[in-house]
Structure formats: structure tokens, C-alpha cells
Amino acid sequence: MDALTIPPVDLGLIAPLLVVVTWATGLLLVDTFFIPVGRKKLTGYLAIAGLVVAGLVGLPLWGVSGSTFGGMVRLDPFALTLTWVFLLIGILSITMSLDYLPRQDIEQGEYYPLIMFAVSGMILLAQGADLIVLFLGIETLSITLYILTGFAYPRLTSEEAAMKYLVLGAFAAGFFVYGIALIFGATGSTRLSEIGAYAADRDLGDTNLTLLLGGAAMVLIAFSFKAALAPFHMWIPDVYQGSPTPVAAFMSVGTKGGALAALVRLLFEALPTLNAYWLPVLAGLTALTMVVGNLGAIAQMDVKRMLAYSSIGHAGYVMLGVMVAGEQRGPEAFIFYILVYALSNLGAFAVLIALEHQGEEAWQLDDFAGLYQRQPLLAVAMAIFMFSLAGVPPTAGFMAKFYALTAAWEGGLPWLALVGVLTSAIAAFFYLRVIIRMFMTEPEGEPAPELNRGLTIDIVVAAAGTIIIGLIPAPIFALVERSAVALGG
Amino acid sequence: MVPTSYYVLLSAILFTIGVLGVLLRRNAIVIFMAVELMLNAANLALVAFARERLGVEAQVIVFFVITVAAAEVAVGLALLVAIFRTKRTADVDEVSTLKG
């Protein structure tokens, strides 16, 4: 056996990640020793500051491409843009938690550093170029999310949601590790590029091909669990319903973004030559995901569960971009969709939080009745988010769906694009139903509590972003185009 | 020397037992044990392949997997204690207030 040599390390390439992790670790200590109980909002502000600093640290890295830690971690514009999107998701989620936690009596300082650790897991997934790093990234994200899901203990629904999530997440992790073992057995490496080179260069032979395919299948199962592709989606509605609403919001966009970013790299660096094997399988899963998510949402009278099913449907649309990521348009569509979905979905969840009374749930469709007469601004914002999620112009959701469907069409999957169009038409029904309730029926029950500052900022930012990206998408298009160039395959 | 395929076969059997355990057993602690079995089956396959290919890489992965598994189980057991305090049961079927 050769001696273990320590490869040269360039910490500059992981600067944003490093800032998030060190800041979160420091914040845990600061929170314990210096911030008094009852003033934990301060921890939240410090966490937001940390995420902003991490974003700023990333600015000089724009255009830099390189890998470090012996090729295990990669920085390129694709990873950097996703890093910024993930930091934005983190910031918006923390902002909407600031007032939610004390209102629900579950305010504890470690909540905010936990969100930061989850964001660091997502960044690691975007930067990982080795199966071990991807495993660590996905587990950092998942384990923090198990804790966050159960954060509302002793509320039984929250505990139950966390337990369900944990059991299925650990199950998926088992598949992931076994998949890594088989892939290593076939190729002798866990580095994505080396696996790709090995698979492309030589005739694999029956045994190794079987091992590699088996391993790849298991890893794909694990990713499907994390990103909630049907038929591995059944945990989603329960977990979203039971977890604290800001956590559900964070989870819906965070796990999708992180897991699918890693999947893009895995498919196009390690397995491009096996395209003939995985493309039909993933295309089938994607079609099924879009159908199951959107049909499932129709039956839901509970808006939080409806959003959970809708998030399954949206995972399908994101997958349209992922599967054709070998083409230029694929990764572009992927980044654009994640950004737009993050804004619209976090906004919609923020409106849900605004309607929640203390310790009470106000997620039924009826709770939205006549919202326009009581809180016109909130109703208009919710309408914008619903239009965007349904993909109605001129909102950003329309541009995103258009982008993803075009990418699939041009990438040689026209039938899948067609399924996407049809399911979007179905989806319009349940999104518009919420809007009709808000604008065309009389109010029932007690009025919702006063809006507070954090939520207002969140809703305004998300709504403005959704509209502005819908009206003037050109700058964002330019950004994602330049982010996707370096990927190439 | 025992051929690598024997180890891989054994690990596949252990992995299957783990999967069946998660799917069939209803006690949360047994489910955690089944998950551990899955992870350790993968570890066995990793070290077997590492020996065949004379690389340390896969052996290092095993340490990462052990660490992650420990973290996961720590969170899982904490949750189980929390649920047991509220509900007095470790049976996952009895904890089902969420419909779905």
C-alpha cells in the first residue's frame, strides 16, 4: 500500500463554505454564553450577518475555476451561483423564523446556527466532486434537518414528522453508502471525474459493469429520496405538515437544490457514458413525479399539505433541467428554476406563517376565505406566489417553467416536456382555488394576527423578486448562462 | 486468502436483512439497528474492495460512515426519548397523528 500523502489545500476555493461553518460554530458558543434567554433574536440577526458575509466573500471568486483537497472539492461558476442562491434561501428562512419562534414558544438559540449548518451542507453538495464529499454534504444537510423538523417538541406532530423523516433519511443513507461501495468496487475510485474517465476509457467487462450499474442505481435511489422524486416521495406531506412552518419552507427548496445540484455533477461527470441506462429510468421517475405531485395536490384541503405536494411536482420540473445538463441549457434551467422556486415558495410559506395564530394551525383553505377584505396586501402577495408556482405570466414562475420545458424539448425529451405542460395545466386548478377563496368569498373566523417586520420584509422581497424576474429576466438569464458555461460535461 | 466476492456476497446478504428490517419491523429501536446493519454491510463491502484494490481511500470512507452513523443514531435516540415522554411508546405504528 502506498503511503498517505496530504494533498495541497487551497482554502480560498471554499471560502464561503468556511465562513458559514466557522461562523455557525462560533455563534453556537456566543449564543450559549453571551445572549440571554428571551433575546435570542439577536442570534438570528448574527446568523443572517454570517450568511451575508459568506456571500460577500464569494464575490471575488466569480470566474475562478479550480479544485482542491486532491480534487474532492470543486469551485466553478455553477457552484458559486448555487452557493449564493442557497445563502439567499438561508437568509429568507431565518428572517421568517425571527417572529415565528417566539410566537410558537419554541424559541431557542441553536435554531439559527442549525440553519447555517444546513446551508453549509447544501454548499458542500454544490461543490463536491467526490462521492465521499457528497455523502458528507447530504448527511450534514439531513441530520440538521431532522433536528429542525423536531424542533417544536413536545408537540407530537413535530416529533412524529422528525421520526418519519429520520427513518427514511437513514434508510436512504444506507443505499447511498452501499452504492458508493459498489461504485468503488467497480472503478477503484470515488472521485467523480476518475469514475467518468474509467467508465469511458476501457471496456468495463461484465462484472464491473454490473457493479457500477448497481452502485449507480443505489445512489440514484438515495438522491430520489432526498429530492422527493416519486415513488420515493411518500414522506414529504407528513414531514412538511408536522415540522415548524419555516423549516418546511427551508426544506422544500433546500434539499431539492442541494441534492439535485449534486445529482447534476454525478450524472455528467461520473456517469455520462452510462447515459443509455439512467436516462430512461430518470425520465420515467420525472414524469411520474410531475403527475403524482400535481394530482395529489388537488385532493388537499390543507394549504400546507397542498404546498408539500406541489413541491413534489416542482421537483419534477427541476429534474427536466437536471436530465439534460449535458447540454448548455440544462444547468441554466436548473439554476434559474431553483432561484425562482425558492422565492415563490418561501414567499407562500411566509404568508402561511403570517396567518398562524399562536399554537394554532390556520392552513385550511377556509382560513384563506376573504383574506383580500381583511389584509389586502397579504392576499395580493399570496396571489403573486400562487400565480408564480402555477406558471402564469408575467411572474417569474412562467419564465422558469418555460426555460425548463425548452431545455427538455431541445435536449431530446419532447414527450417529457409535453407531460410537463399537461401537469402544469392540472396544477393551475389548485393554485387558482386558493386565489378564488381569497378574493371571491366572504371572510370567516377570527382575523389573522398583525403582520410583523421580519415576515413583511420576507414577503415583500419574495413578491418583488418574483415579479421583477418575471418582467425583466434578462440579467438573471445572463448570470445563469455564465454560470453554466464551465460545466459542459 | 478468501476471495473478495465472498465478502461482497455476505455484505449483500447483510444489507438485504437490514432493508427488510427497516421495512418490516415496527419498533423504532429495531429499525435503527436495521439501518446500522445496512451501513455496516456497506462498510464490509468497502474494506473488502479496498483490500482487493490495495487503496486506502475506501478504508477512510468507512471512518466517515461510522462517524455519520453515530451522529444519526444520536439524533434518532434523542427523538425517540422525546416521543416516548409524550406518547409512552416506541412503536412507529402508534405514532401516526399525521394522515398520509
# chains A, B, ... in the order shown; residues from 1 in each chain; ligands from 1
$ residues_around --residues "Val2 of chain B" --least-positions-apart "5" --cutoff "12 Å" --atoms "only C-alpha atoms" --output "ChimeraX atom specification"
/B:7-8,48,51-52
$ select_by_dssp --residues "chain B" --states "helix (DSSP H, G or I)" --output "count of residues only"
78
$ closest_atom_pairs --of "segment 51-84 of chain A" --to "segment 132-145 of chain A" --cutoff "12 Å" --atoms "only C-alpha atoms" --output "CSV"
residue,atom,partner,partner_atom,distance
A:Phe69,CA,A:Val133,CA,10.5
A:Gly70,CA,A:Val133,CA,11.7
A:Gly71,CA,A:Val133,CA,10.6
A:Met72,CA,A:Val133,CA,6.8
A:Val73,CA,A:Val133,CA,7.5
A:Arg74,CA,A:Val133,CA,10.5
$ write_last_selection --atoms "N, CA, C and O atoms" --output "CSV table (one decimal), in the first residue's frame"
chain,number,residue,atom,x,y,z
A,69,PHE,N,-8.2,20.0,-2.2
A,69,PHE,CA,-8.3,18.8,-1.4
A,69,PHE,C,-8.2,17.6,-2.3
A,69,PHE,O,-9.0,16.6,-2.2
A,70,GLY,N,-7.2,17.6,-3.1
A,70,GLY,CA,-6.9,16.4,-4.0
A,70,GLY,C,-8.1,16.2,-5.0
A,70,GLY,O,-8.3,15.0,-5.4
A,71,GLY,N,-8.7,17.3,-5.4
A,71,GLY,CA,-9.8,17.1,-6.4
A,71,GLY,C,-11.1,16.7,-5.8
A,71,GLY,O,-12.1,16.4,-6.6
A,72,MET,N,-11.2,16.7,-4.5
A,72,MET,CA,-12.5,16.3,-3.9
A,72,MET,C,-13.5,17.5,-3.9
A,72,MET,O,-14.7,17.2,-3.8
A,73,VAL,N,-13.0,18.7,-3.8
A,73,VAL,CA,-13.9,19.8,-3.8
A,73,VAL,C,-13.6,20.7,-5.0
A,73,VAL,O,-12.5,21.0,-5.3
A,74,ARG,N,-14.7,21.2,-5.6
A,74,ARG,CA,-14.5,21.9,-6.8
A,74,ARG,C,-15.2,23.3,-6.7
A,74,ARG,O,-16.2,23.4,-6.0
$ residues_around --residues "Val60 of chain B" --least-positions-apart "3" --cutoff "12 Å" --atoms "only C-alpha atoms" --output "NGL selection string"
(:A and (4 or 132 or 181 or 190)) or (:B and (43 or 46-47 or 50 or 55-57 or 63-67))
$ interface_residues --of "chain A" --to "chain B" --cutoff "7 Å" --atoms "only C-alpha atoms" --output "list in words"
Met1, Ile132, Ile143, Pro154, Leu156, Thr157, Glu159, Glu160, Met163, Leu166, Ala170, Phe171, Gly174, Val177, Tyr178, Ala181, Gly185, Gly188 and Asp238 of chain A
$ residues_around --residues "Met290 of chain A" --least-positions-apart "3" --cutoff "7 Å" --atoms "only C-alpha atoms" --output "number ranges by chain"
A: 286-287, 293-294, 313, 316, 420, 423
$ write_last_selection --atoms "N, CA and C atoms" --output "PDB file, in the first residue's frame"
ATOM      1  N   THR A 286     -39.225  11.179 -13.448  1.00  0.00           N
ATOM      2  CA  THR A 286     -39.613  12.581 -13.555  1.00  0.00           C
ATOM      3  C   THR A 286     -41.075  12.723 -13.969  1.00  0.00           C
ATOM      4  N   ALA A 287     -41.457  11.954 -14.997  1.00  0.00           N
ATOM      5  CA  ALA A 287     -42.845  12.025 -15.453  1.00  0.00           C
ATOM      6  C   ALA A 287     -43.788  11.649 -14.307  1.00  0.00           C
ATOM      7  N   GLY A 293     -47.264  14.447  -7.980  1.00  0.00           N
ATOM      8  CA  GLY A 293     -47.266  15.671  -7.181  1.00  0.00           C
ATOM      9  C   GLY A 293     -48.476  16.535  -7.476  1.00  0.00           C
ATOM     10  N   ASN A 294     -48.751  16.739  -8.751  1.00  0.00           N
ATOM     11  CA  ASN A 294     -49.823  17.668  -9.098  1.00  0.00           C
ATOM     12  C   ASN A 294     -51.202  17.070  -8.878  1.00  0.00           C
ATOM     13  N   GLY A 313     -44.295  18.085  -7.199  1.00  0.00           N
ATOM     14  CA  GLY A 313     -44.465  18.378  -8.623  1.00  0.00           C
ATOM     15  C   GLY A 313     -43.320  19.222  -9.158  1.00  0.00           C
ATOM     16  N   GLY A 316     -40.171  17.588 -10.071  1.00  0.00           N
ATOM     17  CA  GLY A 316     -40.206  17.049 -11.434  1.00  0.00           C
ATOM     18  C   GLY A 316     -39.745  18.076 -12.458  1.00  0.00           C
ATOM     19  N   GLY A 420     -44.916  17.710 -18.882  1.00  0.00           N
ATOM     20  CA  GLY A 420     -44.762  18.898 -18.047  1.00  0.00           C
ATOM     21  C   GLY A 420     -45.844  19.925 -18.317  1.00  0.00           C
ATOM     22  N   THR A 423     -49.263  18.580 -16.953  1.00  0.00           N
ATOM     23  CA  THR A 423     -49.401  18.616 -15.498  1.00  0.00           C
ATOM     24  C   THR A 423     -49.465  20.051 -14.995  1.00  0.00           C
TER      25      THR A 423
END
$ atom_distance --atom1 "atom CA of Phe223 of chain A" --atom2 "atom CA of Leu148 of chain A"
20.4 Å
$ residues_around --residues "Gly254 of chain A" --least-positions-apart "3" --cutoff "8 Å" --atoms "only C-alpha atoms" --output "list of chain:residue names"
A:Phe86, A:Ile89, A:Val119, A:Met122, A:Phe250, A:Met251, A:Gly257, A:Gly258
$ closest_residue --among "A:Ala417, A:Ala315, A:Leu11, A:Val30" --to "Leu42 of chain A" --atoms "only C-alpha atoms"
A:Val30
$ atom_distance --atom1 "atom CA of Val264 of chain A" --atom2 "atom CA of Gly321 of chain A"
9.1 Å
$ closest_residue --among "A:Val37, A:Ile476, A:Ala172, A:Ala161" --to "Pro237 of chain A" --atoms "only C-alpha atoms"
A:Ala161
$ atom_distance --atom1 "atom CA of Arg25 of chain B" --atom2 "atom CA of Phe232 of chain A"
19.4 Å
$ closest_residue --among "A:Ala261, A:Asp302, A:Phe184, A:Ser311" --to "Gln59 of chain B" --atoms "only C-alpha atoms"
A:Phe184
$ closest_residue --among "A:Ser424, A:Asn208, A:Thr95, A:Thr245" --to "Tyr317 of chain A" --atoms "only C-alpha atoms"
A:Ser424
$ decode --residues "segment 40-86 of chain B" --atoms "N, CA and C atoms" --output "PDB file, in the first residue's frame"
ATOM      1  N   ASN B  40     -23.278  -0.929   7.980  1.00  0.00           N
ATOM      2  CA  ASN B  40     -22.097  -1.753   8.217  1.00  0.00           C
ATOM      3  C   ASN B  40     -21.898  -2.794   7.125  1.00  0.00           C
ATOM      4  N   ALA B  41     -22.997  -3.209   6.474  1.00  0.00           N
ATOM      5  CA  ALA B  41     -22.839  -4.070   5.300  1.00  0.00           C
ATOM      6  C   ALA B  41     -22.044  -3.323   4.240  1.00  0.00           C
ATOM      7  N   ALA B  42     -22.392  -2.048   4.057  1.00  0.00           N
ATOM      8  CA  ALA B  42     -21.658  -1.232   3.083  1.00  0.00           C
ATOM      9  C   ALA B  42     -20.198  -1.099   3.498  1.00  0.00           C
ATOM     10  N   ASN B  43     -19.954  -0.930   4.810  1.00  0.00           N
ATOM     11  CA  ASN B  43     -18.573  -0.825   5.290  1.00  0.00           C
ATOM     12  C   ASN B  43     -17.783  -2.088   4.973  1.00  0.00           C
ATOM     13  N   LEU B  44     -18.425  -3.241   5.161  1.00  0.00           N
ATOM     14  CA  LEU B  44     -17.755  -4.511   4.879  1.00  0.00           C
ATOM     15  C   LEU B  44     -17.368  -4.578   3.404  1.00  0.00           C
ATOM     16  N   ALA B  45     -18.318  -4.193   2.530  1.00  0.00           N
ATOM     17  CA  ALA B  45     -18.022  -4.205   1.100  1.00  0.00           C
ATOM     18  C   ALA B  45     -16.872  -3.243   0.797  1.00  0.00           C
ATOM     19  N   LEU B  46     -16.882  -2.084   1.455  1.00  0.00           N
ATOM     20  CA  LEU B  46     -15.829  -1.092   1.198  1.00  0.00           C
ATOM     21  C   LEU B  46     -14.452  -1.635   1.562  1.00  0.00           C
ATOM     22  N   VAL B  47     -14.315  -2.224   2.752  1.00  0.00           N
ATOM     23  CA  VAL B  47     -12.982  -2.716   3.132  1.00  0.00           C
ATOM     24  C   VAL B  47     -12.570  -3.905   2.278  1.00  0.00           C
ATOM     25  N   ALA B  48     -13.553  -4.729   1.868  1.00  0.00           N
ATOM     26  CA  ALA B  48     -13.205  -5.860   1.007  1.00  0.00           C
ATOM     27  C   ALA B  48     -12.649  -5.365  -0.318  1.00  0.00           C
ATOM     28  N   PHE B  49     -13.336  -4.384  -0.915  1.00  0.00           N
ATOM     29  CA  PHE B  49     -12.848  -3.825  -2.177  1.00  0.00           C
ATOM     30  C   PHE B  49     -11.507  -3.117  -1.979  1.00  0.00           C
ATOM     31  N   ALA B  50     -11.354  -2.464  -0.823  1.00  0.00           N
ATOM     32  CA  ALA B  50     -10.110  -1.750  -0.565  1.00  0.00           C
ATOM     33  C   ALA B  50      -8.946  -2.733  -0.520  1.00  0.00           C
ATOM     34  N   ARG B  51      -9.188  -3.907   0.077  1.00  0.00           N
ATOM     35  CA  ARG B  51      -8.108  -4.889   0.153  1.00  0.00           C
ATOM     36  C   ARG B  51      -7.761  -5.378  -1.247  1.00  0.00           C
ATOM     37  N   GLU B  52      -8.793  -5.617  -2.060  1.00  0.00           N
ATOM     38  CA  GLU B  52      -8.542  -6.114  -3.402  1.00  0.00           C
ATOM     39  C   GLU B  52      -7.769  -5.099  -4.236  1.00  0.00           C
ATOM     40  N   ARG B  53      -8.143  -3.825  -4.096  1.00  0.00           N
ATOM     41  CA  ARG B  53      -7.545  -2.800  -4.946  1.00  0.00           C
ATOM     42  C   ARG B  53      -6.349  -2.116  -4.287  1.00  0.00           C
ATOM     43  N   LEU B  54      -6.008  -2.542  -3.090  1.00  0.00           N
ATOM     44  CA  LEU B  54      -4.862  -2.006  -2.361  1.00  0.00           C
ATOM     45  C   LEU B  54      -4.907  -0.486  -2.236  1.00  0.00           C
ATOM     46  N   GLY B  55      -6.095   0.061  -1.999  1.00  0.00           N
ATOM     47  CA  GLY B  55      -6.195   1.516  -1.845  1.00  0.00           C
ATOM     48  C   GLY B  55      -6.687   1.850  -0.449  1.00  0.00           C
ATOM     49  N   VAL B  56      -6.157   2.931   0.125  1.00  0.00           N
ATOM     50  CA  VAL B  56      -6.609   3.295   1.468  1.00  0.00           C
ATOM     51  C   VAL B  56      -7.905   4.097   1.423  1.00  0.00           C
ATOM     52  N   GLU B  57      -8.207   4.618   0.240  1.00  0.00           N
ATOM     53  CA  GLU B  57      -9.340   5.530   0.095  1.00  0.00           C
ATOM     54  C   GLU B  57     -10.620   4.961   0.707  1.00  0.00           C
ATOM     55  N   ALA B  58     -10.924   3.723   0.326  1.00  0.00           N
ATOM     56  CA  ALA B  58     -12.190   3.140   0.772  1.00  0.00           C
ATOM     57  C   ALA B  58     -12.180   2.902   2.271  1.00  0.00           C
ATOM     58  N   GLN B  59     -10.981   2.620   2.817  1.00  0.00           N
ATOM     59  CA  GLN B  59     -10.930   2.415   4.269  1.00  0.00           C
ATOM     60  C   GLN B  59     -11.205   3.706   5.012  1.00  0.00           C
ATOM     61  N   VAL B  60     -10.774   4.826   4.387  1.00  0.00           N
ATOM     62  CA  VAL B  60     -11.045   6.120   5.015  1.00  0.00           C
ATOM     63  C   VAL B  60     -12.551   6.404   5.013  1.00  0.00           C
ATOM     64  N   ILE B  61     -13.209   6.024   3.889  1.00  0.00           N
ATOM     65  CA  ILE B  61     -14.666   6.258   3.823  1.00  0.00           C
ATOM     66  C   ILE B  61     -15.351   5.588   5.001  1.00  0.00           C
ATOM     67  N   VAL B  62     -14.870   4.391   5.358  1.00  0.00           N
ATOM     68  CA  VAL B  62     -15.511   3.646   6.437  1.00  0.00           C
ATOM     69  C   VAL B  62     -15.550   4.482   7.720  1.00  0.00           C
ATOM     70  N   PHE B  63     -14.441   5.194   7.986  1.00  0.00           N
ATOM     71  CA  PHE B  63     -14.442   6.023   9.200  1.00  0.00           C
ATOM     72  C   PHE B  63     -15.494   7.119   9.126  1.00  0.00           C
ATOM     73  N   PHE B  64     -15.606   7.719   7.934  1.00  0.00           N
ATOM     74  CA  PHE B  64     -16.629   8.756   7.773  1.00  0.00           C
ATOM     75  C   PHE B  64     -18.016   8.167   8.012  1.00  0.00           C
ATOM     76  N   VAL B  65     -18.238   6.987   7.442  1.00  0.00           N
ATOM     77  CA  VAL B  65     -19.568   6.367   7.567  1.00  0.00           C
ATOM     78  C   VAL B  65     -19.871   6.082   9.035  1.00  0.00           C
ATOM     79  N   ILE B  66     -18.863   5.568   9.763  1.00  0.00           N
ATOM     80  CA  ILE B  66     -19.085   5.262  11.184  1.00  0.00           C
ATOM     81  C   ILE B  66     -19.454   6.538  11.943  1.00  0.00           C
ATOM     82  N   THR B  67     -18.724   7.633  11.642  1.00  0.00           N
ATOM     83  CA  THR B  67     -18.996   8.898  12.326  1.00  0.00           C
ATOM     84  C   THR B  67     -20.412   9.385  12.042  1.00  0.00           C
ATOM     85  N   VAL B  68     -20.768   9.374  10.753  1.00  0.00           N
ATOM     86  CA  VAL B  68     -22.093   9.867  10.373  1.00  0.00           C
ATOM     87  C   VAL B  68     -23.179   9.002  11.004  1.00  0.00           C
ATOM     88  N   ALA B  69     -22.952   7.676  11.000  1.00  0.00           N
ATOM     89  CA  ALA B  69     -23.955   6.777  11.577  1.00  0.00           C
ATOM     90  C   ALA B  69     -24.148   7.079  13.056  1.00  0.00           C
ATOM     91  N   ALA B  70     -23.034   7.363  13.750  1.00  0.00           N
ATOM     92  CA  ALA B  70     -23.142   7.685  15.174  1.00  0.00           C
ATOM     93  C   ALA B  70     -23.964   8.949  15.374  1.00  0.00           C
ATOM     94  N   ALA B  71     -23.710   9.964  14.539  1.00  0.00           N
ATOM     95  CA  ALA B  71     -24.463  11.217  14.666  1.00  0.00           C
ATOM     96  C   ALA B  71     -25.942  10.984  14.410  1.00  0.00           C
ATOM     97  N   GLU B  72     -26.211  10.171  13.391  1.00  0.00           N
ATOM     98  CA  GLU B  72     -27.608   9.934  13.027  1.00  0.00           C
ATOM     99  C   GLU B  72     -28.351   9.220  14.154  1.00  0.00           C
ATOM    100  N   VAL B  73     -27.696   8.203  14.722  1.00  0.00           N
ATOM    101  CA  VAL B  73     -28.345   7.449  15.787  1.00  0.00           C
ATOM    102  C   VAL B  73     -28.522   8.310  17.043  1.00  0.00           C
ATOM    103  N   ALA B  74     -27.547   9.202  17.297  1.00  0.00           N
ATOM    104  CA  ALA B  74     -27.694  10.091  18.456  1.00  0.00           C
ATOM    105  C   ALA B  74     -28.959  10.920  18.333  1.00  0.00           C
ATOM    106  N   VAL B  75     -29.161  11.502  17.149  1.00  0.00           N
ATOM    107  CA  VAL B  75     -30.375  12.299  16.928  1.00  0.00           C
ATOM    108  C   VAL B  75     -31.611  11.411  17.024  1.00  0.00           C
ATOM    109  N   GLY B  76     -31.514  10.217  16.432  1.00  0.00           N
ATOM    110  CA  GLY B  76     -32.658   9.310  16.430  1.00  0.00           C
ATOM    111  C   GLY B  76     -33.075   8.918  17.835  1.00  0.00           C
ATOM    112  N   LEU B  77     -32.084   8.567  18.662  1.00  0.00           N
ATOM    113  CA  LEU B  77     -32.432   8.150  20.027  1.00  0.00           C
ATOM    114  C   LEU B  77     -32.980   9.322  20.834  1.00  0.00           C
ATOM    115  N   ALA B  78     -32.423  10.526  20.606  1.00  0.00           N
ATOM    116  CA  ALA B  78     -32.954  11.700  21.300  1.00  0.00           C
ATOM    117  C   ALA B  78     -34.429  11.901  20.955  1.00  0.00           C
ATOM    118  N   LEU B  79     -34.727  11.746  19.663  1.00  0.00           N
ATOM    119  CA  LEU B  79     -36.118  11.889  19.220  1.00  0.00           C
ATOM    120  C   LEU B  79     -37.007  10.833  19.867  1.00  0.00           C
ATOM    121  N   LEU B  80     -36.454   9.619  19.930  1.00  0.00           N
ATOM    122  CA  LEU B  80     -37.223   8.513  20.489  1.00  0.00           C
ATOM    123  C   LEU B  80     -37.563   8.799  21.954  1.00  0.00           C
ATOM    124  N   VAL B  81     -36.587   9.317  22.687  1.00  0.00           N
ATOM    125  CA  VAL B  81     -36.835   9.667  24.084  1.00  0.00           C
ATOM    126  C   VAL B  81     -37.928  10.731  24.164  1.00  0.00           C
ATOM    127  N   ALA B  82     -37.846  11.744  23.272  1.00  0.00           N
ATOM    128  CA  ALA B  82     -38.852  12.808  23.276  1.00  0.00           C
ATOM    129  C   ALA B  82     -40.233  12.241  22.999  1.00  0.00           C
ATOM    130  N   ILE B  83     -40.310  11.357  22.003  1.00  0.00           N
ATOM    131  CA  ILE B  83     -41.609  10.773  21.657  1.00  0.00           C
ATOM    132  C   ILE B  83     -42.118   9.905  22.796  1.00  0.00           C
ATOM    133  N   PHE B  84     -41.200   9.155  23.419  1.00  0.00           N
ATOM    134  CA  PHE B  84     -41.624   8.269  24.494  1.00  0.00           C
ATOM    135  C   PHE B  84     -42.195   9.058  25.663  1.00  0.00           C
ATOM    136  N   ARG B  85     -41.598  10.225  25.926  1.00  0.00           N
ATOM    137  CA  ARG B  85     -42.122  11.067  27.014  1.00  0.00           C
ATOM    138  C   ARG B  85     -43.536  11.528  26.720  1.00  0.00           C
ATOM    139  N   THR B  86     -43.810  11.883  25.449  1.00  0.00           N
ATOM    140  CA  THR B  86     -45.130  12.380  25.100  1.00  0.00           C
ATOM    141  C   THR B  86     -46.135  11.260  24.988  1.00  0.00           C
TER     142      THR B  86
END
